[in-house]
Amino acid sequence: MAQPGPTSLALPGQQICLRRPDDWHVHLRDGALMQAVVAATARQFARAIVMPNLTPPITTAAAAAAYRQRILAALGPKLAAGFQPLMTAYLSDSLQPQELIKGQAEAIFYAAKLYPAGATTNSAAGVRDLATIAPLLETMERIGLPLLVHGEVTDPAVDIFDREAVFIERQLLPLLARHPGLKVVLEHITTAEAAACVAEAGPQLAATITPHHLHINRNALFAGGLRPDFYCLPVAKRERHRLALRAAATSGDPSFFLGTDSAPHGRQAKEAACGCAGIYNAPYAIESYAAVFDQEGALDKLEGFASEHGPRFYGLPLNRGVLTLERQDPQSEQAVTVPLRLELGQAGDESLALVPFHAGEALPWRLR
Ligand code: NCD
Ligand code: ZN
């Protein structure tokens with residue numbers, strides 16, 4: 001997956017310092033799995049937009065505040081002091097506008113997430129028809145609470161590889177026109193159509209881009225056999241889409257920013273007759289993005305994408321700390337290599353065994 005890039009002749013030991021980044025889309029889960037994964041995010045990122053698709057989903061400010069407490073408790077005092085979970089509400093047909101107003105006023109909700117019902121993991125309680133949630137969207141527009149969108153139609157007649165592009169035409173563009181003051185993030189974009197739509201739209205619309213959609217195309221899912229660790233939603237698309245996403249991420253356009261969509265599932269959930277969608281990329285996320293920006297000759301654009309565009313869109317201050325990346329020679333014996341498998345529970349506990357993205361690879365940049 002790692003390709004030689006224009007700067008691949010640069011010397012090992014070279015360093016870059018970045019303003020501390022944020023992850024604008026992450027799944028931290030709950031319970032034992034949360035305990036196992038949350039530090040990987042907090043070690044790299046100062047803040048993270050935490051997705052609400054738990055079972056049951058996070059639909060009240062009180063539930064979000066309690067979840068935030070569990071996240072901070074799981075981190076322990078040292079990591080918790082340097083990490084701010086930004087909570088989100090799960091939009092459903094029965095959610096009341098008052099709950100969003102309350103959650104925002106209490107500085108608990110930083111956004112609300114739209115899962116079209118049936119689109120992805122734990123989306124059954126999501127929204128069937130956007131018309132039903134018009135009062136919620138009007139409220140969000142008025143109070144400045146961003147709408148985060150899983151942008152795929154669920155119509156089984158639409159080919160799975162077309163579901164994002166069709167969502168943009170059928171749902172997103174009319175939604176933006178109906179709510180011109182609503183801030184919208186099209187999450188984890190996977191297509192050239194999405195990148196173009198976001199680049200052309202005004203400041204109302206932004207997008208997150210994951211590391212995996214910048215590294216893999218849909219061939220990865222079938223390379224030598226069925227590869228569940230490369231299955232996520234929206235599913236990776238053709239190579240031309242990956243290239244369009246790389247161009248968007250490294251363009252310097254403030255509408256594009258970092259959101260890992262790190263979505264851990266234990267082995268038994270991934271390697272099953274009906275395996276779950278989700279790629280666990282949190283442990284080497286910034287290294288993964290750095291590899292892409294390096295290969296594109298755009299390391300000077302990494303800080304904007306990782307640390308500046310997101311806070312500006314959300315109207316939050318930039319972080320003050322820094323993070324240092326050091327170039328390594330991936331061929332060298334000392335190179336940090338991504339483990340093939342992380343055993344995060346007791347030996348043999350498959351629910352806490354995770355295969356990280358880039359398993360077995362040495363990336364060209366490592367975190368100091
Ligand atoms: C996510 C998950 O597992 O929660 N899975 C994924 O493939 N991205 C849900 C989501 O963001 O669609
Ligand atoms: Zn997600």
# chains A, B, ... in the order shown; residues from 1 in each chain; ligands from 1
$ residues_around --residues "Arg43 of chain A" --least-positions-apart "6" --cutoff "9 Å" --atoms "only C-alpha atoms" --output "ChimeraX atom specification"
/A:79,82-83,283
$ residues_near_ligand --ligand "ligand 1" --cutoff "9 Å" --atoms "only C-alpha atoms and all ligand atoms" --output "PyMOL selection string"
chain A and resi 25-29+51-54+115+119-123+150+187-188+231-235+261-265+276-279
$ residues_around --residues "Thr59 of chain A" --least-positions-apart "4" --cutoff "8 Å" --atoms "only C-alpha atoms" --output "ChimeraX atom specification"
/A:52,63-64,89-92,95
$ residues_around --residues "Leu363 of chain A" --least-positions-apart "6" --cutoff "9 Å" --atoms "only C-alpha atoms" --output "PyMOL selection string"
chain A and resi 2+287-288+290-291+327-330+335-338
$ write_last_selection --atoms "N, CA, C and O atoms" --output "mmCIF file, in the first residue's frame"
data_model
loop_
_atom_site.group_PDB
_atom_site.id
_atom_site.type_symbol
_atom_site.label_atom_id
_atom_site.label_comp_id
_atom_site.auth_asym_id
_atom_site.auth_seq_id
_atom_site.Cartn_x
_atom_site.Cartn_y
_atom_site.Cartn_z
ATOM 1 N N ALA A 2 1.967 1.242 0.764
ATOM 2 C CA ALA A 2 2.797 2.446 0.782
ATOM 3 C C ALA A 2 3.493 2.584 -0.562
ATOM 4 O O ALA A 2 4.110 1.641 -1.045
ATOM 5 N N GLU A 287 0.329 9.015 11.628
ATOM 6 C CA GLU A 287 1.398 8.470 10.782
ATOM 7 C C GLU A 287 0.840 8.079 9.409
ATOM 8 O O GLU A 287 1.513 8.243 8.382
ATOM 9 N N SER A 288 -0.382 7.560 9.415
ATOM 10 C CA SER A 288 -1.014 7.137 8.163
ATOM 11 C C SER A 288 -1.295 8.343 7.267
ATOM 12 O O SER A 288 -1.017 8.329 6.056
ATOM 13 N N ALA A 290 0.272 11.232 7.491
ATOM 14 C CA ALA A 290 1.565 11.823 7.113
ATOM 15 C C ALA A 290 2.140 11.107 5.900
ATOM 16 O O ALA A 290 2.722 11.738 5.004
ATOM 17 N N ALA A 291 1.964 9.782 5.844
ATOM 18 C CA ALA A 291 2.479 9.024 4.695
ATOM 19 C C ALA A 291 1.832 9.528 3.402
ATOM 20 O O ALA A 291 2.507 9.731 2.386
ATOM 21 N N ARG A 327 10.935 11.189 10.466
ATOM 22 C CA ARG A 327 11.015 10.300 9.309
ATOM 23 C C ARG A 327 11.808 9.052 9.694
ATOM 24 O O ARG A 327 12.812 9.140 10.402
ATOM 25 N N GLN A 328 11.342 7.919 9.248
ATOM 26 C CA GLN A 328 12.106 6.689 9.459
ATOM 27 C C GLN A 328 12.254 5.979 8.123
ATOM 28 O O GLN A 328 11.455 6.178 7.201
ATOM 29 N N ASP A 329 13.274 5.158 8.037
ATOM 30 C CA ASP A 329 13.459 4.345 6.846
ATOM 31 C C ASP A 329 12.650 3.062 7.053
ATOM 32 O O ASP A 329 13.008 2.237 7.902
ATOM 33 N N PRO A 330 11.560 2.889 6.307
ATOM 34 C CA PRO A 330 10.698 1.722 6.543
ATOM 35 C C PRO A 330 11.431 0.388 6.349
ATOM 36 O O PRO A 330 10.994 -0.634 6.878
ATOM 37 N N ALA A 335 12.958 0.339 12.274
ATOM 38 C CA ALA A 335 11.696 1.008 11.926
ATOM 39 C C ALA A 335 10.555 0.506 12.803
ATOM 40 O O ALA A 335 10.463 -0.685 13.092
ATOM 41 N N VAL A 336 9.702 1.438 13.224
ATOM 42 C CA VAL A 336 8.492 1.056 13.964
ATOM 43 C C VAL A 336 7.531 0.412 12.974
ATOM 44 O O VAL A 336 7.222 0.987 11.931
ATOM 45 N N THR A 337 7.103 -0.803 13.294
ATOM 46 C CA THR A 337 6.188 -1.521 12.406
ATOM 47 C C THR A 337 4.836 -1.659 13.103
ATOM 48 O O THR A 337 4.780 -1.933 14.311
ATOM 49 N N VAL A 338 3.763 -1.449 12.376
ATOM 50 C CA VAL A 338 2.422 -1.587 12.944
ATOM 51 C C VAL A 338 2.188 -3.077 13.259
ATOM 52 O O VAL A 338 2.412 -3.936 12.394
#
$ select_by_dssp --residues "segment 107-321 of chain A" --states "helix (DSSP H, G or I)" --output "ChimeraX atom specification"
/A:130-143,160-178,192-200,211-215,218-222,228-230,239-249,267-270,282-295,299-314
$ select_by_dssp --residues "segment 172-356 of chain A" --states "strand (DSSP E)" --output "NGL selection string"
:A and (184-186 or 205-209 or 256-258 or 322-327 or 342-343 or 353-354)
$ residues_around --residues "Gly315 of chain A" --least-positions-apart "5" --cutoff "10 Å" --atoms "only C-alpha atoms" --output "PyMOL selection string"
chain A and resi 144+309-310
$ write_last_selection --atoms "N, CA, C and O atoms" --output "PDB file, in the first residue's frame"
ATOM      1  N   GLY A 144     -26.861  27.016  15.488  1.00  0.00           N
ATOM      2  CA  GLY A 144     -25.488  26.816  15.001  1.00  0.00           C
ATOM      3  C   GLY A 144     -24.885  25.486  15.422  1.00  0.00           C
ATOM      4  O   GLY A 144     -23.683  25.402  15.676  1.00  0.00           O
ATOM      5  N   HIS A 309      -8.280  23.291   9.948  1.00  0.00           N
ATOM      6  CA  HIS A 309      -9.544  23.437   9.222  1.00  0.00           C
ATOM      7  C   HIS A 309     -10.738  22.996  10.064  1.00  0.00           C
ATOM      8  O   HIS A 309     -11.804  23.624  10.009  1.00  0.00           O
ATOM      9  N   GLY A 310     -10.571  21.935  10.835  1.00  0.00           N
ATOM     10  CA  GLY A 310     -11.674  21.418  11.657  1.00  0.00           C
ATOM     11  C   GLY A 310     -12.110  22.427  12.708  1.00  0.00           C
ATOM     12  O   GLY A 310     -13.293  22.800  12.767  1.00  0.00           O
TER      13      GLY A 310
END
$ closest_residue --among "A:Leu18, A:Ala249, A:Ala36, A:Ile189" --to "ligand 2" --atoms "only C-alpha atoms and all ligand atoms"
A:Ile189
$ residues_around --residues "Ala177 of chain A" --least-positions-apart "5" --cutoff "12 Å" --atoms "only C-alpha atoms" --output "PyMOL selection string"
chain A and resi 169-172+182-184+201-202+204-205
$ write_last_selection --atoms "C-alpha atoms" --output "JSON list (two decimals), in the first residue's frame"
[["chain", "number", "residue", "atom", "x", "y", "z"],
["A", 169, "GLU", "CA", -28.00, 14.35, -5.56],
["A", 170, "ARG", "CA", -31.18, 13.11, -3.91],
["A", 171, "GLN", "CA", -30.73, 14.20, -0.31],
["A", 172, "LEU", "CA", -27.77, 16.45, 0.42],
["A", 182, "LEU", "CA", -27.14, 24.87, 8.57],
["A", 183, "LYS", "CA", -23.51, 23.83, 8.90],
["A", 184, "VAL", "CA", -23.07, 20.36, 7.45],
["A", 201, "ALA", "CA", -20.25, 24.38, -2.07],
["A", 202, "GLY", "CA", -19.77, 27.44, 0.10],
["A", 204, "GLN", "CA", -21.80, 25.82, 4.77],
["A", 205, "LEU", "CA", -20.46, 22.39, 3.78]]
$ atom_distance --atom1 "atom CA of Phe257 of chain A" --atom2 "atom CA of Lys301 of chain A"
10.8 Å
$ atom_distance --atom1 "atom CA of Arg163 of chain A" --atom2 "atom CA of Ala236 of chain A"
11.7 Å
$ closest_residue --among "A:Ala244, A:Gly76, A:Glu333, A:Pro317" --to "Glu296 of chain A" --atoms "only C-alpha atoms"
A:Ala244
$ atom_distance --atom1 "atom CA of Leu342 of chain A" --atom2 "atom CA of Leu354 of chain A"
5.2 Å
$ residues_around --residues "Phe230 of chain A" --least-positions-apart "5" --cutoff "12 Å" --atoms "only C-alpha atoms" --output "JSON, numbers by chain"
{"A": [211, 212, 213, 215, 216, 217, 218, 219, 220, 221, 222, 223, 225, 235, 236, 237, 262, 263, 264, 270, 271, 275, 276, 277, 278, 279, 280, 281, 355, 356, 357, 358, 359]}
$ write_last_selection --atoms "N, CA, C and O atoms" --output "compact mmCIF listing (two decimals), in the first residue's frame"
# COMPACT_ATOMS: atom_id res chain seq x y z
N PRO A 211 -8.05 8.08 6.88
CA PRO A 211 -6.77 7.62 6.33
C PRO A 211 -6.96 6.46 5.36
O PRO A 211 -6.31 6.40 4.32
N HIS A 212 -7.90 5.55 5.69
CA HIS A 212 -8.00 4.36 4.83
C HIS A 212 -8.50 4.69 3.44
O HIS A 212 -8.04 4.09 2.47
N HIS A 213 -9.43 5.65 3.34
CA HIS A 213 -9.90 5.97 1.98
C HIS A 213 -8.83 6.70 1.16
O HIS A 213 -8.96 6.78 -0.06
N HIS A 215 -5.67 5.60 1.37
CA HIS A 215 -4.66 4.56 1.09
C HIS A 215 -5.17 3.43 0.19
O HIS A 215 -4.42 2.89 -0.59
N ILE A 216 -6.42 3.05 0.40
CA ILE A 216 -6.89 1.85 -0.33
C ILE A 216 -8.02 2.18 -1.31
O ILE A 216 -8.77 3.13 -1.12
N ASN A 217 -8.09 1.36 -2.33
CA ASN A 217 -9.28 1.39 -3.18
C ASN A 217 -10.00 0.04 -2.99
O ASN A 217 -9.59 -0.78 -2.16
N ARG A 218 -11.05 -0.18 -3.74
CA ARG A 218 -11.89 -1.35 -3.47
C ARG A 218 -11.18 -2.67 -3.77
O ARG A 218 -11.63 -3.72 -3.29
N ASN A 219 -10.10 -2.64 -4.53
CA ASN A 219 -9.35 -3.87 -4.77
C ASN A 219 -8.85 -4.49 -3.47
O ASN A 219 -8.72 -5.71 -3.36
N ALA A 220 -8.56 -3.62 -2.47
CA ALA A 220 -8.00 -4.12 -1.21
C ALA A 220 -8.95 -5.11 -0.53
O ALA A 220 -8.51 -6.02 0.19
N LEU A 221 -10.23 -4.96 -0.79
CA LEU A 221 -11.23 -5.83 -0.16
C LEU A 221 -11.16 -7.27 -0.67
O LEU A 221 -11.65 -8.19 -0.02
N PHE A 222 -10.57 -7.41 -1.86
CA PHE A 222 -10.60 -8.72 -2.52
C PHE A 222 -9.20 -9.20 -2.90
O PHE A 222 -9.06 -10.08 -3.74
N ALA A 223 -8.16 -8.61 -2.31
CA ALA A 223 -6.78 -8.94 -2.70
C ALA A 223 -6.42 -10.34 -2.22
O ALA A 223 -6.14 -10.54 -1.04
N GLY A 225 -8.30 -12.83 -1.79
CA GLY A 225 -9.36 -13.45 -0.99
C GLY A 225 -10.17 -12.34 -0.34
O GLY A 225 -9.88 -11.16 -0.54
N VAL A 235 -18.12 2.00 1.71
CA VAL A 235 -17.10 1.08 1.22
C VAL A 235 -16.12 1.84 0.32
O VAL A 235 -16.50 2.82 -0.33
N ALA A 236 -14.85 1.40 0.31
CA ALA A 236 -13.86 2.02 -0.57
C ALA A 236 -14.29 1.87 -2.03
O ALA A 236 -14.93 0.88 -2.40
N LYS A 237 -13.96 2.87 -2.83
CA LYS A 237 -14.39 2.89 -4.23
C LYS A 237 -13.21 2.64 -5.17
O LYS A 237 -12.16 2.20 -4.75
N SER A 262 -12.19 5.84 12.83
CA SER A 262 -11.68 4.62 13.46
C SER A 262 -12.87 3.89 14.08
O SER A 262 -13.60 4.46 14.89
N ALA A 263 -13.08 2.64 13.69
CA ALA A 263 -14.31 1.92 14.08
C ALA A 263 -13.96 0.48 14.43
O ALA A 263 -14.07 -0.42 13.61
N PRO A 264 -13.48 0.28 15.69
CA PRO A 264 -13.01 -1.05 16.07
C PRO A 264 -14.15 -2.07 16.22
O PRO A 264 -15.21 -1.75 16.74
N LYS A 270 -15.52 -9.24 13.03
CA LYS A 270 -15.00 -8.98 11.67
C LYS A 270 -14.98 -10.26 10.84
O LYS A 270 -15.30 -10.23 9.66
N GLU A 271 -14.54 -11.36 11.48
CA GLU A 271 -14.38 -12.62 10.74
C GLU A 271 -15.60 -13.49 10.97
O GLU A 271 -15.56 -14.43 11.74
N GLY A 275 -19.77 -10.13 8.50
CA GLY A 275 -18.78 -9.35 9.25
C GLY A 275 -19.15 -7.88 9.32
O GLY A 275 -19.74 -7.32 8.40
N CYS A 276 -18.76 -7.24 10.44
CA CYS A 276 -19.10 -5.83 10.65
C CYS A 276 -18.23 -4.91 9.81
O CYS A 276 -17.07 -5.19 9.54
N ALA A 277 -18.82 -3.76 9.47
CA ALA A 277 -18.09 -2.72 8.75
C ALA A 277 -17.31 -1.87 9.74
O ALA A 277 -17.86 -1.47 10.77
N GLY A 278 -16.07 -1.56 9.44
CA GLY A 278 -15.31 -0.66 10.30
C GLY A 278 -13.84 -1.01 10.26
O GLY A 278 -13.48 -2.19 10.30
N ILE A 279 -13.00 0.01 10.18
CA ILE A 279 -11.55 -0.17 10.15
C ILE A 279 -10.97 0.50 11.39
O ILE A 279 -11.32 1.64 11.70
N TYR A 280 -10.12 -0.21 12.09
CA TYR A 280 -9.53 0.34 13.32
C TYR A 280 -8.18 0.98 12.97
O TYR A 280 -7.17 0.29 12.83
N ASN A 281 -8.19 2.30 12.84
CA ASN A 281 -6.95 2.98 12.41
C ASN A 281 -6.38 3.91 13.47
O ASN A 281 -5.35 4.55 13.24
N VAL A 355 -7.27 -5.99 14.60
CA VAL A 355 -6.23 -5.86 13.59
C VAL A 355 -6.20 -4.39 13.17
O VAL A 355 -7.19 -3.88 12.64
N PRO A 356 -5.09 -3.70 13.44
CA PRO A 356 -5.05 -2.28 13.10
C PRO A 356 -4.82 -2.07 11.61
O PRO A 356 -4.22 -2.92 10.95
N PHE A 357 -5.28 -0.94 11.11
CA PHE A 357 -5.00 -0.57 9.72
C PHE A 357 -3.48 -0.46 9.56
O PHE A 357 -2.80 0.00 10.47
N HIS A 358 -2.95 -0.87 8.44
CA HIS A 358 -1.51 -0.92 8.14
C HIS A 358 -0.81 -2.07 8.87
O HIS A 358 0.42 -2.05 9.01
N ALA A 359 -1.57 -3.06 9.37
CA ALA A 359 -0.95 -4.18 10.09
C ALA A 359 0.25 -4.72 9.32
O ALA A 359 0.16 -5.01 8.13
$ closest_residue --among "A:Gly151, A:Gly360, A:Pro203, A:Pro254" --to "ligand 2" --atoms "only C-alpha atoms and all ligand atoms"
A:Gly151
$ closest_residue --among "A:Asn319, A:Thr88, A:Thr60, A:Gln44" --to "ligand 2" --atoms "only C-alpha atoms and all ligand atoms"
A:Thr88
$ decode --residues "segment 231-242 of chain A" --atoms "all heavy atoms" --output "PDB file, in the first residue's frame"
ATOM      1  N   TYR A 231     -12.939  -3.731   5.077  1.00  0.00           N
ATOM      2  CA  TYR A 231     -14.359  -3.446   4.857  1.00  0.00           C
ATOM      3  C   TYR A 231     -14.840  -2.401   5.848  1.00  0.00           C
ATOM      4  O   TYR A 231     -14.737  -2.571   7.067  1.00  0.00           O
ATOM      5  CB  TYR A 231     -15.193  -4.727   5.007  1.00  0.00           C
ATOM      6  CG  TYR A 231     -16.682  -4.476   4.933  1.00  0.00           C
ATOM      7  CD1 TYR A 231     -17.230  -3.803   3.837  1.00  0.00           C
ATOM      8  CD2 TYR A 231     -17.530  -4.866   5.956  1.00  0.00           C
ATOM      9  CE1 TYR A 231     -18.591  -3.536   3.771  1.00  0.00           C
ATOM     10  CE2 TYR A 231     -18.888  -4.626   5.900  1.00  0.00           C
ATOM     11  CZ  TYR A 231     -19.410  -3.950   4.803  1.00  0.00           C
ATOM     12  OH  TYR A 231     -20.753  -3.689   4.747  1.00  0.00           O
ATOM     13  N   CYS A 232     -15.360  -1.319   5.305  1.00  0.00           N
ATOM     14  CA  CYS A 232     -15.949  -0.271   6.136  1.00  0.00           C
ATOM     15  C   CYS A 232     -17.066   0.351   5.318  1.00  0.00           C
ATOM     16  O   CYS A 232     -17.234   0.043   4.134  1.00  0.00           O
ATOM     17  CB  CYS A 232     -14.911   0.783   6.496  1.00  0.00           C
ATOM     18  SG  CYS A 232     -14.330   1.699   5.062  1.00  0.00           S
ATOM     19  N   LEU A 233     -17.826   1.225   5.948  1.00  0.00           N
ATOM     20  CA  LEU A 233     -18.862   1.967   5.219  1.00  0.00           C
ATOM     21  C   LEU A 233     -18.632   3.459   5.394  1.00  0.00           C
ATOM     22  O   LEU A 233     -18.288   3.877   6.495  1.00  0.00           O
ATOM     23  CB  LEU A 233     -20.248   1.574   5.744  1.00  0.00           C
ATOM     24  CG  LEU A 233     -20.696   0.173   5.300  1.00  0.00           C
ATOM     25  CD1 LEU A 233     -21.966  -0.239   6.046  1.00  0.00           C
ATOM     26  CD2 LEU A 233     -20.931   0.115   3.784  1.00  0.00           C
ATOM     27  N   PRO A 234     -18.780   4.258   4.380  1.00  0.00           N
ATOM     28  CA  PRO A 234     -19.011   3.817   3.014  1.00  0.00           C
ATOM     29  C   PRO A 234     -17.817   2.997   2.505  1.00  0.00           C
ATOM     30  O   PRO A 234     -16.668   3.300   2.833  1.00  0.00           O
ATOM     31  CB  PRO A 234     -19.129   5.125   2.219  1.00  0.00           C
ATOM     32  CG  PRO A 234     -19.383   6.195   3.254  1.00  0.00           C
ATOM     33  CD  PRO A 234     -18.772   5.719   4.517  1.00  0.00           C
ATOM     34  N   VAL A 235     -18.122   1.996   1.713  1.00  0.00           N
ATOM     35  CA  VAL A 235     -17.102   1.078   1.223  1.00  0.00           C
ATOM     36  C   VAL A 235     -16.121   1.839   0.319  1.00  0.00           C
ATOM     37  O   VAL A 235     -16.496   2.824  -0.330  1.00  0.00           O
ATOM     38  CB  VAL A 235     -17.797  -0.099   0.494  1.00  0.00           C
ATOM     39  CG1 VAL A 235     -18.423   0.332  -0.819  1.00  0.00           C
ATOM     40  CG2 VAL A 235     -16.863  -1.278   0.306  1.00  0.00           C
ATOM     41  N   ALA A 236     -14.854   1.395   0.308  1.00  0.00           N
ATOM     42  CA  ALA A 236     -13.859   2.024  -0.568  1.00  0.00           C
ATOM     43  C   ALA A 236     -14.291   1.871  -2.028  1.00  0.00           C
ATOM     44  O   ALA A 236     -14.926   0.882  -2.403  1.00  0.00           O
ATOM     45  CB  ALA A 236     -12.493   1.384  -0.341  1.00  0.00           C
ATOM     46  N   LYS A 237     -13.957   2.872  -2.828  1.00  0.00           N
ATOM     47  CA  LYS A 237     -14.395   2.892  -4.233  1.00  0.00           C
ATOM     48  C   LYS A 237     -13.210   2.645  -5.168  1.00  0.00           C
ATOM     49  O   LYS A 237     -12.159   2.204  -4.752  1.00  0.00           O
ATOM     50  CB  LYS A 237     -15.045   4.254  -4.544  1.00  0.00           C
ATOM     51  CG  LYS A 237     -16.131   4.683  -3.569  1.00  0.00           C
ATOM     52  CD  LYS A 237     -17.338   3.770  -3.599  1.00  0.00           C
ATOM     53  CE  LYS A 237     -18.561   4.294  -2.857  1.00  0.00           C
ATOM     54  NZ  LYS A 237     -18.408   4.452  -1.405  1.00  0.00           N
ATOM     55  N   ARG A 238     -13.417   2.946  -6.462  1.00  0.00           N
ATOM     56  CA  ARG A 238     -12.375   2.760  -7.473  1.00  0.00           C
ATOM     57  C   ARG A 238     -11.178   3.681  -7.243  1.00  0.00           C
ATOM     58  O   ARG A 238     -11.300   4.706  -6.591  1.00  0.00           O
ATOM     59  CB  ARG A 238     -12.927   3.129  -8.860  1.00  0.00           C
ATOM     60  CG  ARG A 238     -13.905   2.170  -9.427  1.00  0.00           C
ATOM     61  CD  ARG A 238     -14.394   2.728 -10.764  1.00  0.00           C
ATOM     62  NE  ARG A 238     -15.344   1.804 -11.351  1.00  0.00           N
ATOM     63  CZ  ARG A 238     -14.996   0.748 -12.081  1.00  0.00           C
ATOM     64  NH1 ARG A 238     -13.732   0.533 -12.362  1.00  0.00           N
ATOM     65  NH2 ARG A 238     -15.911  -0.067 -12.542  1.00  0.00           N
ATOM     66  N   GLU A 239     -10.071   3.338  -7.916  1.00  0.00           N
ATOM     67  CA  GLU A 239      -8.842   4.108  -7.791  1.00  0.00           C
ATOM     68  C   GLU A 239      -9.037   5.595  -8.123  1.00  0.00           C
ATOM     69  O   GLU A 239      -8.479   6.462  -7.450  1.00  0.00           O
ATOM     70  CB  GLU A 239      -7.761   3.500  -8.703  1.00  0.00           C
ATOM     71  CG  GLU A 239      -6.428   4.225  -8.700  1.00  0.00           C
ATOM     72  CD  GLU A 239      -5.711   4.222  -7.345  1.00  0.00           C
ATOM     73  OE1 GLU A 239      -6.228   3.674  -6.356  1.00  0.00           O
ATOM     74  OE2 GLU A 239      -4.601   4.810  -7.295  1.00  0.00           O
ATOM     75  N   ARG A 240      -9.835   5.923  -9.124  1.00  0.00           N
ATOM     76  CA  ARG A 240      -9.959   7.346  -9.479  1.00  0.00           C
ATOM     77  C   ARG A 240     -10.573   8.137  -8.321  1.00  0.00           C
ATOM     78  O   ARG A 240     -10.276   9.311  -8.126  1.00  0.00           O
ATOM     79  CB  ARG A 240     -10.746   7.541 -10.776  1.00  0.00           C
ATOM     80  CG  ARG A 240     -12.227   7.386 -10.679  1.00  0.00           C
ATOM     81  CD  ARG A 240     -12.910   7.700 -12.029  1.00  0.00           C
ATOM     82  NE  ARG A 240     -14.328   7.418 -11.954  1.00  0.00           N
ATOM     83  CZ  ARG A 240     -15.242   8.299 -11.515  1.00  0.00           C
ATOM     84  NH1 ARG A 240     -14.877   9.510 -11.146  1.00  0.00           N
ATOM     85  NH2 ARG A 240     -16.506   7.953 -11.451  1.00  0.00           N
ATOM     86  N   HIS A 241     -11.391   7.494  -7.529  1.00  0.00           N
ATOM     87  CA  HIS A 241     -11.976   8.179  -6.375  1.00  0.00           C
ATOM     88  C   HIS A 241     -10.921   8.388  -5.286  1.00  0.00           C
ATOM     89  O   HIS A 241     -10.848   9.447  -4.673  1.00  0.00           O
ATOM     90  CB  HIS A 241     -13.162   7.387  -5.830  1.00  0.00           C
ATOM     91  CG  HIS A 241     -14.286   7.283  -6.808  1.00  0.00           C
ATOM     92  ND1 HIS A 241     -15.077   8.354  -7.137  1.00  0.00           N
ATOM     93  CD2 HIS A 241     -14.729   6.244  -7.562  1.00  0.00           C
ATOM     94  CE1 HIS A 241     -15.973   7.988  -8.040  1.00  0.00           C
ATOM     95  NE2 HIS A 241     -15.777   6.706  -8.321  1.00  0.00           N
ATOM     96  N   ARG A 242     -10.101   7.352  -5.059  1.00  0.00           N
ATOM     97  CA  ARG A 242      -9.029   7.515  -4.071  1.00  0.00           C
ATOM     98  C   ARG A 242      -8.130   8.697  -4.470  1.00  0.00           C
ATOM     99  O   ARG A 242      -7.761   9.519  -3.616  1.00  0.00           O
ATOM    100  CB  ARG A 242      -8.205   6.231  -3.975  1.00  0.00           C
ATOM    101  CG  ARG A 242      -7.151   6.262  -2.860  1.00  0.00           C
ATOM    102  CD  ARG A 242      -6.300   5.001  -2.850  1.00  0.00           C
ATOM    103  NE  ARG A 242      -5.318   4.981  -3.905  1.00  0.00           N
ATOM    104  CZ  ARG A 242      -4.032   5.313  -3.770  1.00  0.00           C
ATOM    105  NH1 ARG A 242      -3.572   5.684  -2.591  1.00  0.00           N
ATOM    106  NH2 ARG A 242      -3.214   5.262  -4.799  1.00  0.00           N
TER     107      ARG A 242
END
